[in-house]
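Chemist: File follows, my_file36.txt with compact mmCIF, C-alpha atoms:
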# COMPACT_ATOMS: atom_id res chain seq x y z
CA MET J 894 70.47 17.59 -75.82
CA PRO J 895 68.58 20.41 -74.12
CA GLY J 896 65.04 19.70 -72.99
CA ILE J 897 65.11 15.98 -73.69
CA SER J 898 65.85 13.43 -70.99
CA ALA J 899 67.83 10.28 -71.68
CA VAL J 900 64.68 8.17 -71.33
CA GLU J 901 62.84 10.30 -73.88
CA ALA J 902 65.76 10.05 -76.28
CA VAL J 903 65.81 6.24 -75.99
CA ALA J 904 62.03 6.09 -76.42
CA ALA J 905 62.23 8.30 -79.48
CA ALA J 906 64.89 6.06 -80.98
CA LEU J 907 62.73 3.01 -80.29
CA LEU J 908 59.70 4.66 -81.92
CA VAL J 909 61.74 5.50 -85.00
CA GLY J 910 62.92 1.88 -85.14
CA SER J 911 59.31 0.73 -84.75
CA LEU J 912 58.22 2.94 -87.62
CA ALA J 913 61.04 1.56 -89.76
CA PHE J 914 59.73 -2.00 -89.23
CA ILE J 915 56.14 -0.98 -89.96
CA LEU J 916 57.27 0.89 -93.07
CA ALA J 917 59.03 -2.28 -94.19
CA ALA J 918 55.76 -4.18 -93.69
CA VAL J 919 53.87 -1.62 -95.79
CA VAL J 920 56.44 -1.77 -98.57
CA GLY J 921 56.30 -5.56 -98.35
CA ILE J 922 52.52 -5.66 -98.79
CA LEU J 923 52.68 -3.32 -101.77
CA ARG J 924 55.71 -4.76 -103.53
CA LEU J 925 55.97 -8.50 -102.84
CA PRO J 926 54.52 -10.78 -105.50
CA ASP J 927 52.18 -13.26 -103.77
CA PHE J 928 50.09 -13.98 -100.69
CA TYR J 929 52.76 -15.87 -98.79
CA THR J 930 55.55 -13.34 -99.21
CA ARG J 931 53.24 -10.47 -98.28
CA LEU J 932 52.09 -12.36 -95.22
CA HIS J 933 55.71 -13.02 -94.35
CA ALA J 934 56.44 -9.28 -94.47
CA VAL J 935 53.49 -8.31 -92.29
CA GLY J 936 53.77 -11.12 -89.79
CA LYS J 937 57.35 -10.43 -88.83
CA CYS J 938 57.60 -6.67 -89.24
CA ASP J 939 54.34 -5.87 -87.45
CA THR J 940 55.31 -7.96 -84.46
CA ALA J 941 58.74 -6.37 -84.22
CA GLY J 942 57.42 -2.86 -84.83
CA LEU J 943 54.71 -3.18 -82.21
CA ALA J 944 57.18 -4.64 -79.73
CA LEU J 945 59.44 -1.60 -80.11
CA ALA J 946 56.47 0.77 -79.93
CA THR J 947 55.10 -0.75 -76.72
CA LEU J 948 58.59 -0.71 -75.20
CA ALA J 949 58.93 2.99 -76.04
CA LEU J 950 55.50 3.78 -74.59
CA ALA J 951 56.31 1.79 -71.45
CA LEU J 952 59.45 3.88 -70.99
CA LEU J 953 57.51 7.11 -71.50
CA SER J 954 54.60 6.12 -69.24
CA GLY J 955 56.66 6.57 -66.07
CA ASP J 956 54.21 4.33 -64.25
CA LEU J 957 54.98 0.74 -63.32
CA VAL J 958 51.37 -0.50 -63.57
CA LEU J 959 50.89 1.11 -66.95
CA ALA J 960 54.23 -0.29 -68.13
CA LEU J 961 53.16 -3.78 -67.01
CA LYS J 962 49.88 -3.41 -68.87
CA LEU J 963 51.80 -2.46 -72.00
CA ALA J 964 54.04 -5.48 -71.43
CA ALA J 965 50.89 -7.63 -71.29
CA VAL J 966 49.70 -6.08 -74.56
CA TRP J 967 53.03 -6.91 -76.11
CA ALA J 968 52.98 -10.48 -74.78
CA ILE J 969 49.52 -11.10 -76.25
CA LEU J 970 50.56 -9.61 -79.58
CA ALA J 971 53.72 -11.66 -79.60
CA VAL J 972 51.62 -14.82 -79.35
CA ALA J 973 48.59 -13.80 -81.40
CA ASN J 974 50.23 -12.13 -84.37
CA PRO J 975 52.59 -14.94 -85.47
CA THR J 976 49.87 -17.49 -84.73
CA GLY J 977 47.42 -15.65 -86.95
CA THR J 978 50.04 -15.46 -89.67
CA HIS J 979 50.66 -19.18 -89.34
CA ALA J 980 46.94 -19.98 -89.52
CA LEU J 981 46.47 -17.82 -92.62
CA ALA J 982 49.46 -19.28 -94.43
CA ARG J 983 48.41 -22.81 -93.50
CA ALA J 984 44.85 -22.29 -94.71
CA ALA J 985 46.09 -20.70 -97.94
CA GLY J 986 48.45 -23.62 -98.54
CA ARG J 987 45.65 -26.14 -98.07
CA ALA J 988 43.27 -24.18 -100.25
CA GLY J 989 45.87 -24.20 -103.02
CA VAL J 990 46.75 -20.52 -103.21
CA PRO J 991 49.56 -20.46 -105.78
CA VAL J 992 53.14 -19.84 -104.74
CA TRP J 993 55.17 -17.30 -106.69
CA THR J 994 58.33 -18.64 -108.27
CA ALA J 995 60.91 -16.88 -110.40
CA ASP J 996 60.39 -19.52 -113.12
CA GLY J 997 56.64 -19.06 -113.16
CA ALA J 998 56.97 -15.30 -113.33
CA ALA J 999 59.47 -15.60 -116.17
CA ARG J 1000 57.15 -17.94 -118.09
CA ARG J 1001 54.23 -15.57 -117.66
CA LYS J 1002 56.35 -12.66 -118.78
CA SER J 1003 57.56 -14.44 -121.92
CA ARG J 1004 53.98 -15.46 -122.69
CA ARG J 1005 52.86 -11.84 -122.38
CA ASP J 1006 55.70 -10.55 -124.48
CA GLY J 1007 55.44 -13.30 -127.02
CA GLY J 1008 51.76 -12.72 -127.64
CA PRO J 1009 49.06 -15.43 -127.66
CA SER J 1010 51.14 -18.06 -129.44
CA ARG J 1011 52.65 -20.55 -127.06
CA MET I 283 3.74 -15.05 -107.74
CA LYS I 284 3.25 -15.74 -104.07
CA ALA I 285 6.89 -14.88 -103.39
CA ARG I 286 6.50 -11.64 -105.34
CA LEU I 287 3.38 -10.75 -103.35
CA ARG I 288 5.25 -11.41 -100.13
CA ALA I 289 8.17 -9.26 -101.26
CA ALA I 290 5.77 -6.45 -102.22
CA ALA I 291 4.10 -6.63 -98.82
CA ALA I 292 7.48 -6.54 -97.08
CA ALA I 293 8.55 -3.56 -99.17
CA LEU I 294 5.31 -1.75 -98.37
CA ILE I 295 5.65 -2.32 -94.62
CA LEU I 296 9.31 -1.32 -94.55
CA GLY I 297 8.68 1.71 -96.74
CA GLY I 298 5.81 2.84 -94.53
CA LEU I 299 7.95 2.39 -91.44
CA PHE I 300 10.75 4.37 -93.05
CA VAL I 301 8.49 7.27 -94.01
CA GLY I 302 6.85 7.28 -90.58
CA LEU I 303 10.20 7.34 -88.76
CA LEU I 304 11.51 10.02 -91.08
CA ALA I 305 8.45 12.16 -90.36
CA GLY I 306 9.05 11.69 -86.64
CA VAL I 307 12.66 12.87 -86.92
CA ARG I 308 11.44 16.35 -87.85
CA ASP I 309 10.03 16.84 -84.38
CA LEU I 310 13.23 15.90 -82.56
CA PRO I 311 15.42 18.68 -81.17
CA PRO I 312 18.80 19.08 -82.90
CA ILE I 313 21.51 16.74 -81.63
CA GLY I 314 23.51 18.37 -78.84
CA ASP I 315 21.06 21.24 -78.42
CA PRO I 316 21.78 22.59 -74.91
CA SER I 317 18.19 23.79 -74.49
CA SER I 318 16.58 20.47 -75.41
CA PRO I 319 14.66 18.60 -72.70
CA ALA I 320 17.33 15.90 -72.64
CA SER I 321 20.08 18.41 -71.83
CA THR I 322 18.08 20.51 -69.36
CA HIS I 323 16.31 17.79 -67.40
CA VAL I 324 17.53 14.26 -68.00
CA SER I 325 21.31 14.63 -68.22
CA PRO I 326 21.81 16.86 -65.14
CA ARG I 327 19.61 14.53 -63.13
CA PHE I 328 21.69 11.49 -64.13
CA ILE I 329 24.98 13.28 -63.54
CA GLU I 330 23.96 14.52 -60.09
CA GLU I 331 22.09 11.51 -58.76
CA ALA I 332 23.43 8.38 -60.51
CA ARG I 333 26.13 7.58 -57.97
CA ARG I 334 23.81 7.99 -54.97
CA GLU I 335 20.80 6.27 -56.49
CA THR I 336 22.36 3.29 -58.26
CA GLY I 337 25.74 2.86 -56.60
CA ALA I 338 27.44 2.67 -60.00
CA LEU I 339 30.63 4.72 -60.35
CA ASN I 340 30.42 4.35 -64.11
CA MET I 341 27.48 6.53 -65.06
CA VAL I 342 27.16 4.87 -68.45
CA THR I 343 26.39 1.60 -66.69
CA ALA I 344 23.90 3.34 -64.39
CA VAL I 345 22.03 4.77 -67.37
CA LEU I 346 22.33 1.67 -69.53
CA ALA I 347 21.35 -1.04 -67.11
CA ASP I 348 19.26 0.83 -64.56
CA TYR I 349 17.61 4.08 -65.65
CA ARG I 350 17.15 2.83 -69.17
CA GLY I 351 17.03 -0.89 -68.44
CA TYR I 352 13.98 -1.26 -70.65
CA ASP I 353 15.92 0.11 -73.59
CA THR I 354 18.81 -2.26 -72.91
CA LEU I 355 16.41 -5.18 -72.73
CA GLY I 356 15.30 -4.19 -76.20
CA GLU I 357 18.89 -4.05 -77.40
CA THR I 358 19.58 -7.50 -76.00
CA ALA I 359 16.50 -8.79 -77.78
CA VAL I 360 17.71 -7.17 -81.01
CA ILE I 361 21.05 -8.94 -80.71
CA PHE I 362 19.32 -12.23 -80.06
CA ALA I 363 17.05 -11.59 -83.04
CA ALA I 364 20.10 -10.86 -85.19
CA GLY I 365 21.57 -14.25 -84.29
CA LEU I 366 18.22 -15.89 -84.97
CA GLY I 367 17.94 -14.03 -88.27
CA ALA I 368 21.39 -15.10 -89.43
CA PHE I 369 20.52 -18.67 -88.53
CA VAL I 370 17.19 -18.60 -90.37
CA ILE I 371 18.61 -16.93 -93.49
CA LEU I 372 21.65 -19.20 -93.71
CA ALA I 373 19.57 -22.28 -92.94
CA ALA I 374 17.10 -21.32 -95.69
CA SER I 375 19.86 -20.70 -98.23
CA ILE I 376 21.49 -24.02 -97.44
CA GLY I 377 18.25 -25.95 -97.20
CA GLY I 378 17.34 -28.82 -94.98
CA PRO I 379 17.59 -29.15 -91.24
CA ARG I 380 20.80 -28.19 -89.50
CA ARG I 381 23.15 -30.90 -88.49
CA GLU I 382 24.88 -30.72 -85.19
CA THR I 383 28.08 -32.00 -86.71
CA PRO I 384 29.26 -30.10 -89.74
CA GLY I 385 30.87 -31.72 -92.75
CA PRO I 386 34.50 -31.53 -93.76
CA GLY I 387 35.05 -27.76 -93.56
CA LEU I 388 35.33 -27.13 -89.84
CA SER I 389 34.67 -30.61 -88.64
CA HIS I 390 37.84 -31.72 -87.02
CA ARG I 391 40.52 -30.53 -84.74
CA VAL I 392 43.01 -28.38 -86.51
CA ASP I 393 46.08 -30.56 -86.70
CA SER I 394 48.61 -27.88 -85.81
CA LEU I 395 50.69 -27.87 -82.66
CA LEU I 396 51.27 -24.15 -83.04
CA LEU I 397 47.58 -23.18 -83.21
CA ASP I 398 46.68 -25.63 -80.48
CA THR I 399 49.31 -24.23 -78.13
CA ALA I 400 48.46 -20.60 -78.90
CA ALA I 401 44.79 -21.26 -78.25
CA ARG I 402 45.62 -22.96 -74.95
CA VAL I 403 47.75 -20.00 -73.92
CA LEU I 404 45.46 -17.19 -75.07
CA ALA I 405 41.93 -18.50 -74.53
CA PRO I 406 41.99 -18.68 -70.70
CA PHE I 407 43.14 -15.07 -70.51
CA LEU I 408 40.54 -14.04 -73.07
CA LEU I 409 37.72 -15.74 -71.17
CA LEU I 410 38.90 -14.40 -67.82
CA PHE I 411 39.30 -10.89 -69.21
CA ALA I 412 35.75 -11.09 -70.56
CA VAL I 413 34.44 -11.75 -67.06
CA TYR I 414 36.60 -8.91 -65.73
CA VAL I 415 35.12 -6.53 -68.31
CA LEU I 416 31.65 -7.62 -67.22
CA VAL I 417 32.22 -7.23 -63.49
CA HIS I 418 34.32 -4.09 -63.75
CA GLY I 419 31.70 -2.40 -65.89
CA HIS I 420 30.42 -0.80 -62.72
CA VAL I 421 33.46 1.39 -62.24
CA SER I 422 35.13 1.51 -65.65
CA PRO I 423 34.17 1.21 -69.30
CA GLY I 424 32.82 -2.25 -69.91
CA GLY I 425 29.76 -4.30 -69.14
CA GLY I 426 27.71 -7.19 -70.42
CA PHE I 427 27.80 -6.38 -74.13
CA GLN I 428 31.56 -5.91 -74.36
CA GLY I 429 32.36 -8.78 -72.01
CA GLY I 430 29.87 -11.01 -73.80
CA VAL I 431 31.48 -10.41 -77.18
CA LEU I 432 34.92 -11.15 -75.72
CA PHE I 433 33.68 -14.34 -74.09
CA GLY I 434 31.95 -15.41 -77.29
CA LEU I 435 35.14 -14.83 -79.25
CA GLY I 436 37.06 -16.86 -76.68
CA LEU I 437 34.63 -19.71 -77.29
CA VAL I 438 35.03 -19.27 -81.05
CA THR I 439 38.82 -19.34 -80.75
CA LEU I 440 38.73 -22.68 -78.97
CA ARG I 441 36.06 -24.00 -81.29
CA LEU I 442 38.09 -23.05 -84.35
CA VAL I 443 41.12 -24.93 -83.14
CA TRP I 444 39.57 -27.86 -81.34
CA GLY I 445 36.67 -28.59 -83.65
CA PRO I 446 32.98 -28.97 -82.87
CA PRO I 447 31.41 -31.09 -80.15
CA ARG I 448 31.36 -34.70 -81.21
CA PRO I 449 28.36 -36.92 -80.55
CA ASP I 450 30.59 -39.98 -80.64
CA ARG I 451 32.59 -38.70 -77.69
CA ALA I 452 31.09 -38.99 -74.24
CA ALA I 453 32.54 -35.69 -73.13
CA SER I 454 33.22 -33.50 -76.12
CA ARG I 455 36.50 -31.67 -76.08
CA PHE I 456 34.91 -28.33 -76.53
CA GLY I 457 32.18 -26.33 -78.13
CA PRO I 458 28.60 -25.43 -77.41
CA GLY I 459 27.23 -26.32 -80.87
CA VAL I 460 24.27 -24.58 -82.48
CA ARG I 461 21.62 -25.88 -80.13
CA ALA I 462 23.47 -25.18 -76.91
CA SER I 463 24.47 -21.74 -78.20
CA PHE I 464 20.82 -20.93 -78.79
CA LEU I 465 19.95 -22.16 -75.32
CA LEU I 466 22.68 -19.92 -73.89
CA ALA I 467 21.49 -16.87 -75.82
CA SER I 468 17.85 -17.48 -74.89
CA ALA I 469 18.73 -18.10 -71.26
CA GLY I 470 20.46 -14.72 -71.05
CA LEU I 471 17.52 -12.87 -72.56
CA LEU I 472 15.03 -14.74 -70.37
CA ALA I 473 17.11 -14.04 -67.26
CA TYR I 474 16.96 -10.33 -68.04
CA ILE I 475 13.17 -10.49 -68.41
CA ALA I 476 12.95 -12.60 -65.24
CA ILE I 477 14.75 -9.90 -63.24
CA GLY I 478 12.25 -7.39 -64.59
CA ILE I 479 9.31 -9.55 -63.64
CA ALA I 480 10.80 -10.27 -60.22
CA ALA I 481 10.68 -6.52 -59.54
CA MET I 482 6.98 -6.58 -60.45
CA ALA I 483 6.42 -9.49 -58.08
CA PHE I 484 7.81 -7.39 -55.22
CA GLY I 485 5.49 -4.51 -55.95
CA GLY I 486 7.57 -2.36 -58.26
CA ALA I 487 7.32 -1.62 -61.95
CA PHE I 488 8.92 -3.81 -64.62
CA LEU I 489 12.71 -3.62 -64.15
CA ASP I 490 12.29 -1.41 -61.06
CA TYR I 491 15.20 -3.05 -59.22
CA GLY I 492 15.03 -0.98 -56.03
CA VAL I 493 12.20 -3.06 -54.58
CA LEU I 494 14.03 -6.38 -54.78
CA PRO I 495 14.71 -7.91 -51.33
CA LEU I 496 18.49 -8.01 -51.64
CA GLY I 497 19.46 -5.71 -48.77
CA GLN I 498 18.62 -2.61 -46.81
CA ASP I 499 20.34 0.05 -48.89
CA PRO I 500 18.29 0.63 -52.08
CA ALA I 501 21.34 1.91 -53.98
CA HIS I 502 23.18 -1.31 -53.15
CA VAL I 503 20.17 -3.37 -54.22
CA ARG I 504 20.06 -1.57 -57.54
CA GLU I 505 23.80 -2.11 -57.91
CA LEU I 506 23.38 -5.86 -57.43
CA ALA I 507 20.43 -6.01 -59.79
CA THR I 508 22.39 -4.03 -62.37
CA LEU I 509 25.16 -6.60 -62.14
CA GLY I 510 22.55 -9.34 -62.58
CA VAL I 511 21.18 -7.66 -65.67
CA GLU I 512 24.67 -7.15 -67.09
CA ALA I 513 25.43 -10.81 -66.48
CA ALA I 514 22.24 -11.75 -68.34
CA VAL I 515 23.32 -9.54 -71.26
CA PHE I 516 26.75 -11.18 -71.09
CA VAL I 517 25.25 -14.66 -71.44
CA ALA I 518 22.88 -13.58 -74.21
CA VAL I 519 25.58 -11.84 -76.23
CA SER I 520 28.20 -14.57 -75.89
CA GLY I 521 25.56 -17.16 -76.83
CA THR I 522 24.61 -15.11 -79.88
CA VAL I 523 28.24 -14.80 -80.99
CA ALA I 524 28.52 -18.58 -80.71
CA VAL I 525 25.28 -19.01 -82.68
CA LEU I 526 26.58 -16.79 -85.46
CA PHE I 527 29.84 -18.70 -85.64
CA GLU I 528 28.25 -22.14 -85.50
CA THR I 529 25.70 -21.19 -88.16
CA ILE I 530 28.39 -19.96 -90.51
CA ALA I 531 30.63 -22.94 -89.72
CA VAL I 532 27.85 -25.38 -90.58
CA GLY I 533 27.11 -23.43 -93.76
CA VAL I 534 30.75 -23.52 -94.79
CA ALA I 535 30.90 -27.21 -94.08
CA GLU I 536 27.80 -28.03 -96.11
CA THR I 537 28.09 -25.74 -99.10
CA GLY I 538 31.54 -24.21 -99.15
CA ARG I 539 34.57 -25.70 -100.75
CA PRO I 540 35.92 -28.27 -98.33
CA LEU I 541 39.33 -27.49 -96.96
CA PRO I 542 41.00 -30.89 -96.88
CA ASN I 543 42.92 -31.31 -93.69
CA GLU I 544 45.03 -34.04 -95.22
CA ASP I 545 47.20 -33.94 -98.31
CA PRO I 546 47.65 -30.27 -99.02
CA ALA I 547 47.21 -29.64 -102.71
CA PRO I 548 50.42 -29.72 -104.77
CA VAL I 549 50.51 -25.97 -105.11
CA GLU I 550 53.40 -25.88 -107.56
CA ALA I 551 51.45 -27.90 -110.08
CA ARG I 552 48.47 -25.57 -109.89
CA GLU I 553 50.49 -22.46 -110.30
CA GLU I 554 50.00 -21.99 -114.02
CA GLY I 555 46.28 -22.66 -113.53
In C-alpha cells, write the structure found in this file.

Modeler:
Amino acid sequence: MPGISAVEAVAAALLVGSLAFILAAVVGILRLPDFYTRLHAVGKCDTAGLALATLALALLSGDLVLALKLAAVWAILAVANPTGTHALARAAGRAGVPVWTADGAARRKSRRDGGPSR
Amino acid sequence: MKARLRAAAAALILGGLFVGLLAGVRDLPPIGDPSSPASTHVSPRFIEEARRETGALNMVTAVLADYRGYDTLGETAVIFAAGLGAFVILAASIGGPRRETPGPGLSHRVDSLLLDTAARVLAPFLLLFAVYVLVHGHVSPGGGFQGGVLFGLGLVTLRLVWGPPRPDRAASRFGPGVRASFLLASAGLLAYIAIGIAAMAFGGAFLDYGVLPLGQDPAHVRELATLGVEAAVFVAVSGTVAVLFETIAVGVAETGRPLPNEDPAPVEAREEG
C-alpha cells in the first residue's frame, strides 16, 4: 500500500482488533442479563483490547524506552484488571447478588404474561 | 432548638462568607487577561528566574513548593482537615468512640489466593512508584500530592487484602490503623510547618528556604528544602488517604451489612427474592 509502512499496517490491524474486543465489552454490558455475566464481558474483553492497543502503540512509538513503558502498562493491567474483576465477582457472590438463570427468567416472564395470579 | 440555632448560625456564617467572596470576585481581572498583573509581572518572573533561583527544572514544583510555599502549606492543611472532617462526621453518625479493630466487614484477611498474590505483586511497585513520583517531581510532573495519593492507595490495597492491624498479634501483618494514620498525616503537616519555622530561626521569613544552612549555593539549598517540603506533603497526604479509608472501613464494619467471609449465601435460593 502506498504511504503506509508494514509496521503501521500491523499496528492498524492490532488497533482494529482492540476496538473489536472493546466493542464486544460494550455490547456485553448493555445486553447481558446480570451482574456476573456483564462483569465477565468487561473483565476479559477490556484486558484483551487494551493488550492489543498497547502492543499497537508500542509498535508505532519507534522508541525502545517508550515501548518498554507501554509493556509495563500492559503488565500492570494484565494483573490488575482480572484481579479487580475477581474481587468484584467474589464480593457480589458473598453479598448474595442474584445469578441469572434461564429457568428464573422464564418463570418471571410467565408471571408477567400471566398477570398477578400465580 | 439548640441544634436549629446552631444550623442557623452556620448558615449565616457560610452565607456571609459566600457573599463576601462573590463581591471580591468582581475586582479580579478576567482569567487569562494578558494585561493583568499576574501575566505582566509574576509569570514572566517565574519563567525567567525559576531555574536559576530554585534549581527546579519543573517550574510547577518551583512555584508550588517554593515561591508559593505558604499557599501549599494551606492546601496541605486543607487536605488534613478534610480527613479530620470525614472522621468526625462518620464518627458522629456512627456514634461512640472508634474502635481500632473493626467488626466483621473488613476485619479479616481476605481469604483469596488470587487477591493475595496480586496485592503482593502490585503493591511494591505501587509504593516504589509513589516515591519516584515524589522525588522526580523536581524535573517532571509529580510531587508530594500525587506521590502521597499513590502511596496511600498502595497502603489501602494491602490493607484491603490483608486486613487491619491486630492487637492480638505482636507484629501486625500490615496496616497503620486509624490512630497511626492520623499520626502520619499530622507528622507530615507539622514537618512542613517545622521547615518554615526553621527558616525563621536562621533569620529568614517563614518558609524562606534560602537561608537554611544546607550548603553554599542558595539555589541548591532551596532545591533541598523544596524536596523536604514535598516529602512532608507526601507523608501528610498518604496519611490522610489512610485515615479516610480506615474511617470508612470502621464505619462499614460497625453499621453496614456484614459481608460474611464464610459460607457464601446460597444465591440460587434467593434469586426469586

Chemist: Write out as a list in words which residues come within 10 Å of segment 953-966 of chain J when counting all atoms listed in the file, dropping same-chain ones fewer than 2 positions away.

Modeler: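 Surrounding residues, per the criterion: Val900, Glu901, Ala902, Val903, Ala904, Ala905, Leu943, Ala944, Ala946, Thr947, Leu948, Ala949, Leu950, Ala951, Ala968, Ile969, Leu970 and Ala971 of chain J.
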
Chemist: Which is closer to chain J than all the others in I:Ala363, I:Ala401, I:Ala514, I:Leu346, using only C-alpha atoms?

Modeler: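 The answer is I:Ala401, which sits nearest to chain J.
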
Chemist: Kindly give the distance, in Å, that separates atom CA of Val511 of chain I and atom CA of Ala347 of chain I, rounded to a single decimal.

Modeler: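 Here the two named atoms are 6.8 Å from each other.
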
Chemist: Can you tell me how far atom CA of Ala507 of chain I sits from atom CA of Leu526 of chain I, in Å to one decimal?

Modeler: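 Computed distance, atom CA of Ala507 of chain I to atom CA of Leu526 of chain I, equals 28.5 Å.
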
Chemist: Enclose segment 942-952 of chain J, meaning all of its atoms listed in the file, in a box aligned along x, y and z, pad it by 3 Å on each side, and list the centre and edge lengths in Å to one decimal, as AutoDock Vina command-line options.

Modeler:
--center_x 57.1 --center_y -0.4 --center_z -77.9 --size_x 10.7 --size_y 14.5 --size_z 19.8

Chemist: Can you list, as a PyMOL selection string, every protein, DNA or RNA residue that comes within 10 Å of Gly921 of chain J when you count all atoms listed in the file, leaving out same-chain residues fewer than 6 positions away?

Modeler: chain J and resi 915+930-935+938

Chemist: Could the residues in this selection be saved with C-alpha atoms as a compact mmCIF listing (two decimals), in the coordinates of the input?

Modeler:
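The result, written out as out18.txt:
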# COMPACT_ATOMS: atom_id res chain seq x y z
CA ILE J 915 56.14 -0.98 -89.96
CA THR J 930 55.55 -13.34 -99.21
CA ARG J 931 53.24 -10.47 -98.28
CA LEU J 932 52.09 -12.36 -95.22
CA HIS J 933 55.71 -13.02 -94.35
CA ALA J 934 56.44 -9.28 -94.47
CA VAL J 935 53.49 -8.31 -92.29
CA CYS J 938 57.60 -6.67 -89.24

Chemist: Counting only C-alpha atoms, which of I:Gly434, I:Pro500, I:Gly478, I:Pro423 gets nearest to Asn340 of chain I?

Modeler: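 Using only C-alpha atoms, the shortest distance to Asn340 of chain I belongs to I:Pro423.
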
Chemist: Suppose you want the space between atom CA of Thr978 of chain J and atom CA of Phe928 of chain J; what is it in Å?

Modeler: 11.1 Å

Chemist: Show me as a ChimeraX atom specification the residues that reach within 9 Å of (12.7, -5.8, -60.9), counting only C-alpha atoms and using the file's own coordinates.

Modeler: /I:475-494,507

Chemist: Given all atoms listed in the file, how would the per-residue table for chain J near chain I read, listing every residue at most 6 Å away with its closest atom pair and distance in Å to one decimal, sorted by chain and number, as JSON lines?

Modeler:
{"residue": "J:Arg987", "atom": "CA", "partner": "I:Pro546", "partner_atom": "CA", "distance": 4.7}
{"residue": "J:Gly989", "atom": "CA", "partner": "I:Val549", "partner_atom": "CA", "distance": 5.4}
{"residue": "J:Pro991", "atom": "CA", "partner": "I:Glu553", "partner_atom": "CA", "distance": 5.0}

Chemist: When you count all atoms listed in the file, which of these residues is closest to His979 of chain J: I:Leu395, I:Gly429, I:Val360, I:Val421?

Modeler: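 Nearest candidate to His979 of chain J out of I:Leu395, I:Gly429, I:Val360, I:Val421: I:Leu395.
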
Chemist: So, with all atoms listed in the file as the atoms that count, which of I:Leu410, I:His323, I:Leu366, I:Gly425 lies closest to Thr508 of chain I?

Modeler: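 For Thr508 of chain I, the nearest of the candidates is I:Gly425.
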
Chemist: Hey, which of J:Val990, J:Ala984, J:Ala941, J:Ala973 ends up closest to Ala917 of chain J? Count only C-alpha atoms.

Modeler: J:Ala941
